[in-house]
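Asker: What follows is query_19.txt, compact mmCIF, N, CA and C atoms and all ligand atoms.
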# COMPACT_ATOMS: atom_id res chain seq x y z
N MET A 369 -192.61 93.21 30.48
CA MET A 369 -193.58 93.75 31.43
C MET A 369 -193.11 95.09 32.02
N ARG A 370 -191.83 95.16 32.33
CA ARG A 370 -191.31 96.39 32.91
C ARG A 370 -191.31 97.53 31.90
N LEU A 371 -191.24 97.12 30.64
CA LEU A 371 -191.23 98.12 29.58
C LEU A 371 -192.54 98.90 29.58
N LEU A 372 -193.63 98.19 29.84
CA LEU A 372 -194.94 98.82 29.87
C LEU A 372 -195.02 99.85 31.00
N ILE A 373 -194.50 99.47 32.16
CA ILE A 373 -194.50 100.38 33.32
C ILE A 373 -193.62 101.59 33.02
N LEU A 374 -192.52 101.34 32.37
CA LEU A 374 -191.60 102.42 32.03
C LEU A 374 -192.28 103.42 31.07
N CYS A 375 -192.98 102.84 30.10
CA CYS A 375 -193.70 103.69 29.14
C CYS A 375 -194.73 104.55 29.85
N LEU A 376 -195.42 103.93 30.79
CA LEU A 376 -196.45 104.63 31.55
C LEU A 376 -195.83 105.77 32.36
N LEU A 377 -194.70 105.48 32.96
CA LEU A 377 -194.02 106.48 33.77
C LEU A 377 -193.55 107.65 32.90
N ILE A 378 -193.05 107.33 31.73
CA ILE A 378 -192.59 108.38 30.81
C ILE A 378 -193.77 109.25 30.38
N TYR A 379 -194.89 108.57 30.12
CA TYR A 379 -196.09 109.28 29.70
C TYR A 379 -196.59 110.22 30.80
N LEU A 380 -196.63 109.69 32.03
CA LEU A 380 -197.09 110.51 33.16
C LEU A 380 -196.13 111.67 33.42
N GLY A 381 -194.84 111.35 33.27
CA GLY A 381 -193.82 112.38 33.47
C GLY A 381 -193.96 113.48 32.42
N TYR A 382 -194.25 113.08 31.22
CA TYR A 382 -194.43 114.02 30.12
C TYR A 382 -195.63 114.94 30.38
N ARG A 383 -196.72 114.35 30.86
CA ARG A 383 -197.92 115.13 31.16
C ARG A 383 -197.66 116.12 32.27
N LEU A 384 -196.95 115.67 33.29
CA LEU A 384 -196.61 116.52 34.42
C LEU A 384 -195.72 117.68 33.94
N PHE A 385 -194.78 117.33 33.07
CA PHE A 385 -193.86 118.33 32.52
C PHE A 385 -194.64 119.39 31.75
N LYS A 386 -195.60 118.95 30.94
CA LYS A 386 -196.42 119.89 30.17
C LYS A 386 -197.21 120.82 31.07
N LYS A 387 -197.74 120.23 32.14
CA LYS A 387 -198.53 121.03 33.09
C LYS A 387 -197.68 122.10 33.75
N LEU A 388 -196.42 121.75 34.00
CA LEU A 388 -195.53 122.69 34.66
C LEU A 388 -195.08 123.79 33.71
N VAL A 389 -194.96 123.46 32.45
CA VAL A 389 -194.43 124.41 31.46
C VAL A 389 -195.51 125.34 30.94
N LEU A 390 -196.69 124.79 30.67
CA LEU A 390 -197.75 125.57 30.02
C LEU A 390 -198.21 126.82 30.77
N PRO A 391 -198.38 126.78 32.10
CA PRO A 391 -198.88 127.98 32.78
C PRO A 391 -198.02 129.22 32.58
N GLU A 392 -196.77 129.02 32.18
CA GLU A 392 -195.89 130.16 31.95
C GLU A 392 -196.34 130.97 30.73
N GLN A 393 -197.01 130.27 29.80
CA GLN A 393 -197.51 130.96 28.60
C GLN A 393 -198.91 131.49 28.87
N SER A 394 -198.97 132.54 29.64
CA SER A 394 -200.26 133.13 30.01
C SER A 394 -200.93 133.76 28.80
N PRO A 395 -202.22 133.51 28.62
CA PRO A 395 -202.92 134.07 27.45
C PRO A 395 -203.06 135.59 27.53
N THR A 396 -203.10 136.14 28.73
CA THR A 396 -203.23 137.59 28.86
C THR A 396 -201.86 138.21 29.10
N THR A 397 -201.19 138.48 28.01
CA THR A 397 -199.89 139.13 28.10
C THR A 397 -200.06 140.62 28.29
N LEU A 398 -199.00 141.28 28.62
CA LEU A 398 -199.05 142.73 28.82
C LEU A 398 -199.44 143.43 27.53
N GLU A 399 -198.95 142.85 26.41
CA GLU A 399 -199.28 143.43 25.10
C GLU A 399 -200.78 143.40 24.84
N GLU A 400 -201.39 142.27 25.17
CA GLU A 400 -202.83 142.12 24.94
C GLU A 400 -203.61 143.08 25.83
N GLN A 401 -203.16 143.25 27.06
CA GLN A 401 -203.84 144.16 27.97
C GLN A 401 -203.76 145.59 27.47
N GLU A 402 -202.59 145.94 26.94
CA GLU A 402 -202.43 147.30 26.39
C GLU A 402 -203.32 147.51 25.18
N ALA A 403 -203.46 146.46 24.38
CA ALA A 403 -204.31 146.54 23.20
C ALA A 403 -205.76 146.76 23.61
N LEU A 404 -206.16 146.08 24.67
CA LEU A 404 -207.53 146.23 25.15
C LEU A 404 -207.76 147.64 25.68
N MET A 405 -206.75 148.19 26.34
CA MET A 405 -206.86 149.54 26.87
C MET A 405 -207.01 150.54 25.72
N ARG A 406 -206.25 150.32 24.66
CA ARG A 406 -206.29 151.22 23.52
C ARG A 406 -207.67 151.20 22.86
N VAL A 407 -208.21 150.00 22.72
CA VAL A 407 -209.54 149.86 22.13
C VAL A 407 -210.57 150.59 22.99
N ASP A 408 -210.39 150.47 24.29
CA ASP A 408 -211.31 151.07 25.23
C ASP A 408 -211.27 152.60 25.16
N ASP A 409 -210.13 153.12 24.77
CA ASP A 409 -209.92 154.57 24.83
C ASP A 409 -210.21 155.25 23.49
N VAL A 410 -210.76 154.52 22.56
CA VAL A 410 -210.98 155.05 21.22
C VAL A 410 -212.05 156.13 21.23
N MET A 411 -211.91 157.10 20.34
CA MET A 411 -212.90 158.17 20.24
C MET A 411 -214.01 157.75 19.28
N VAL A 412 -215.23 157.97 19.71
CA VAL A 412 -216.38 157.64 18.87
C VAL A 412 -217.23 158.89 18.68
N LYS A 413 -218.04 158.87 17.62
CA LYS A 413 -218.88 160.02 17.32
C LYS A 413 -220.33 159.74 17.70
N ASP A 414 -220.90 160.68 18.37
CA ASP A 414 -222.32 160.60 18.70
C ASP A 414 -223.11 160.77 17.41
N PRO A 415 -223.90 159.77 17.01
CA PRO A 415 -224.62 159.88 15.73
C PRO A 415 -225.71 160.95 15.75
N TYR A 416 -226.07 161.41 16.93
CA TYR A 416 -227.13 162.40 17.00
C TYR A 416 -226.58 163.83 16.96
N CYS A 417 -225.70 164.16 17.90
CA CYS A 417 -225.18 165.53 17.96
C CYS A 417 -223.81 165.66 17.31
N GLU A 418 -223.24 164.55 16.83
CA GLU A 418 -221.97 164.52 16.11
C GLU A 418 -220.80 165.06 16.92
N THR A 419 -220.83 164.76 18.21
CA THR A 419 -219.74 165.13 19.10
C THR A 419 -218.83 163.91 19.29
N TYR A 420 -217.53 164.15 19.34
CA TYR A 420 -216.59 163.08 19.60
C TYR A 420 -216.33 162.98 21.09
N PHE A 421 -216.26 161.74 21.58
CA PHE A 421 -216.01 161.51 23.00
C PHE A 421 -215.39 160.15 23.19
N PRO A 422 -214.70 159.90 24.33
CA PRO A 422 -214.11 158.58 24.57
C PRO A 422 -215.18 157.51 24.68
N LYS A 423 -214.94 156.41 24.01
CA LYS A 423 -215.93 155.33 23.93
C LYS A 423 -216.36 154.85 25.32
N ARG A 424 -215.42 154.77 26.25
CA ARG A 424 -215.73 154.21 27.56
C ARG A 424 -216.68 155.11 28.35
N LYS A 425 -216.76 156.39 27.96
CA LYS A 425 -217.65 157.30 28.67
C LYS A 425 -219.01 157.40 27.99
N GLY A 426 -219.11 156.80 26.81
CA GLY A 426 -220.35 156.89 26.06
C GLY A 426 -221.43 155.96 26.58
N ILE A 427 -222.64 156.22 26.13
CA ILE A 427 -223.77 155.36 26.47
C ILE A 427 -224.01 154.43 25.28
N ARG A 428 -223.89 153.13 25.55
CA ARG A 428 -223.95 152.14 24.48
C ARG A 428 -225.39 151.73 24.25
N LYS A 429 -225.73 151.65 22.99
CA LYS A 429 -227.08 151.20 22.63
C LYS A 429 -226.99 150.39 21.36
N VAL A 430 -227.53 149.18 21.39
CA VAL A 430 -227.49 148.32 20.21
C VAL A 430 -228.80 148.45 19.45
N ILE A 431 -228.70 148.91 18.21
CA ILE A 431 -229.87 149.05 17.35
C ILE A 431 -229.65 148.18 16.11
N ASP A 432 -230.56 147.25 15.89
CA ASP A 432 -230.47 146.33 14.75
C ASP A 432 -229.13 145.60 14.71
N GLY A 433 -228.64 145.20 15.86
CA GLY A 433 -227.40 144.44 15.92
C GLY A 433 -226.14 145.28 15.82
N LYS A 434 -226.30 146.59 15.67
CA LYS A 434 -225.15 147.47 15.56
C LYS A 434 -225.06 148.34 16.82
N ALA A 435 -223.84 148.47 17.35
CA ALA A 435 -223.65 149.23 18.58
C ALA A 435 -223.44 150.71 18.27
N TYR A 436 -224.22 151.55 18.94
CA TYR A 436 -224.07 152.98 18.80
C TYR A 436 -223.64 153.55 20.15
N TYR A 437 -222.88 154.63 20.09
CA TYR A 437 -222.43 155.26 21.33
C TYR A 437 -222.88 156.71 21.34
N PHE A 438 -223.47 157.10 22.46
CA PHE A 438 -223.99 158.46 22.59
C PHE A 438 -223.30 159.16 23.74
N CYS A 439 -223.18 160.50 23.61
CA CYS A 439 -222.48 161.27 24.64
C CYS A 439 -223.34 161.40 25.88
N SER A 440 -224.65 161.29 25.72
CA SER A 440 -225.53 161.40 26.88
C SER A 440 -226.81 160.62 26.62
N THR A 441 -227.55 160.37 27.69
CA THR A 441 -228.82 159.63 27.55
C THR A 441 -229.82 160.47 26.76
N ALA A 442 -229.73 161.80 26.87
CA ALA A 442 -230.64 162.67 26.14
C ALA A 442 -230.46 162.49 24.64
N CYS A 443 -229.20 162.43 24.20
CA CYS A 443 -228.92 162.22 22.78
C CYS A 443 -229.42 160.85 22.34
N ARG A 444 -229.21 159.86 23.19
CA ARG A 444 -229.65 158.51 22.86
C ARG A 444 -231.17 158.48 22.68
N ASP A 445 -231.88 159.11 23.60
CA ASP A 445 -233.34 159.10 23.54
C ASP A 445 -233.84 159.83 22.30
N LYS A 446 -233.20 160.95 21.99
CA LYS A 446 -233.62 161.72 20.81
C LYS A 446 -233.32 160.95 19.52
N TYR A 447 -232.16 160.28 19.54
CA TYR A 447 -231.81 159.48 18.35
C TYR A 447 -232.81 158.35 18.17
N LEU A 448 -233.21 157.73 19.27
CA LEU A 448 -234.17 156.63 19.20
C LEU A 448 -235.53 157.12 18.73
N GLU A 449 -235.87 158.34 19.14
CA GLU A 449 -237.13 158.94 18.68
C GLU A 449 -237.11 159.09 17.16
N ASP A 450 -235.98 159.59 16.65
CA ASP A 450 -235.83 159.75 15.20
C ASP A 450 -235.86 158.39 14.51
N ALA A 451 -235.20 157.40 15.12
CA ALA A 451 -235.13 156.08 14.52
C ALA A 451 -236.47 155.37 14.59
N ASP A 452 -237.36 155.91 15.38
CA ASP A 452 -238.69 155.32 15.52
C ASP A 452 -239.46 155.33 14.20
N HIS A 453 -239.14 156.33 13.38
CA HIS A 453 -239.77 156.41 12.07
C HIS A 453 -238.86 155.73 11.06
N PRO A 454 -239.17 154.48 10.73
CA PRO A 454 -238.25 153.70 9.90
C PRO A 454 -238.09 154.25 8.49
N LYS A 455 -236.83 154.35 8.11
CA LYS A 455 -236.51 154.80 6.76
C LYS A 455 -236.21 153.60 5.87
N GLU A 456 -236.57 153.71 4.61
CA GLU A 456 -236.34 152.58 3.70
C GLU A 456 -234.90 152.64 3.16
N SER A 457 -233.95 152.46 4.06
CA SER A 457 -232.54 152.51 3.64
C SER A 457 -231.93 151.13 3.84
N SER A 458 -231.67 150.46 2.75
CA SER A 458 -231.09 149.12 2.82
C SER A 458 -229.64 149.17 2.39
N SER A 459 -228.83 149.84 3.19
CA SER A 459 -227.40 149.97 2.85
C SER A 459 -226.62 148.92 3.59
N ASN A 460 -226.34 147.85 2.92
CA ASN A 460 -225.59 146.77 3.52
C ASN A 460 -224.09 146.99 3.31
N GLU A 461 -223.43 147.42 4.37
CA GLU A 461 -221.99 147.67 4.27
C GLU A 461 -221.25 146.35 4.22
N LYS A 462 -220.39 146.22 3.29
CA LYS A 462 -219.62 144.98 3.18
C LYS A 462 -218.15 145.29 3.16
ZN ZN B 1 -224.67 163.91 21.97
Starting from the file, lay out its structure as structure tokens.
Ligand SMILES: [Zn+2]
Answerer:
Amino acid sequence: MRLLILCLLIYLGYRLFKKLVLPEQSPTTLEEQEALMRVDDVMVKDPYCETYFPKRKGIRKVIDGKAYYFCSTACRDKYLEDADHPKESSSNEK
């Protein structure tokens, strides 16, 4: 009978131990944060005026499930005007 209680205590102790140990392994390490910063700082090209600019400063617009970045709202609007006339281009990038 005491063996059962002992097993239970060991099990509870093990769970407590895991809880104490696991938080040290934080999912957001400094490396991951730096990687996110780098992605954020990437240069993208405006598809309308073909100017390069930092992605974080661009205006994001999703067209047909693809994200486009524009240097200004004016470029975005003009690009959308052009895209208004659908072209028969079925280029599936793989
Ligand atoms: Zn532009």
Asker: Report as CSV the residues of chain A within 8 Å of ligand ZN 1 (chain B), each with its shortest atom pair and distance in Å (one decimal), using all atoms listed in the file, ordered by chain and increasing residue number.
Answerer:
residue,atom,partner,partner_atom,distance
A:Lys413,C,B:ZN1,ZN,7.4
A:Asp414,CA,B:ZN1,ZN,5.2
A:Pro415,N,B:ZN1,ZN,6.5
A:Tyr416,C,B:ZN1,ZN,5.4
A:Cys417,N,B:ZN1,ZN,4.2
A:Glu418,N,B:ZN1,ZN,5.4
A:Thr419,N,B:ZN1,ZN,5.4
A:Tyr420,N,B:ZN1,ZN,7.6
A:Tyr437,C,B:ZN1,ZN,7.4
A:Phe438,C,B:ZN1,ZN,5.3
A:Cys439,N,B:ZN1,ZN,4.1
A:Ser440,N,B:ZN1,ZN,4.6
A:Thr441,N,B:ZN1,ZN,7.3
A:Ala442,C,B:ZN1,ZN,6.5
A:Cys443,CA,B:ZN1,ZN,4.6
A:Arg444,N,B:ZN1,ZN,6.2
Asker: Quick one: distance from atom CA of Thr397 of chain A to atom CA of Asp409 of chain A in Å, one decimal?
Answerer: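 Interatomic distance, atom CA of Thr397 of chain A to atom CA of Asp409 of chain A: 18.7 Å.
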Asker: By how many Å are atom CA of Lys434 of chain A and atom N of Glu402 of chain A apart?
Answerer: 25.3 Å
Asker: What is the distance, in Å and to one decimal place, between atom N of Val410 of chain A and atom C of Tyr447 of chain A?
Answerer: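 Pair atom N of Val410 of chain A / atom C of Tyr447 of chain A returns 22.8 Å.
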Asker: Find the smallest box with edges along x, y and z containing every listed atom of segment 382-388 of chain A, then add 5 Å on each side and report centre and edge lengths in Å to one decimal, as JSON.
Answerer:
{"center_x": -196.2, "center_y": 118.4, "center_z": 32.4, "size_x": 14.7, "size_y": 20.7, "size_z": 14.5}
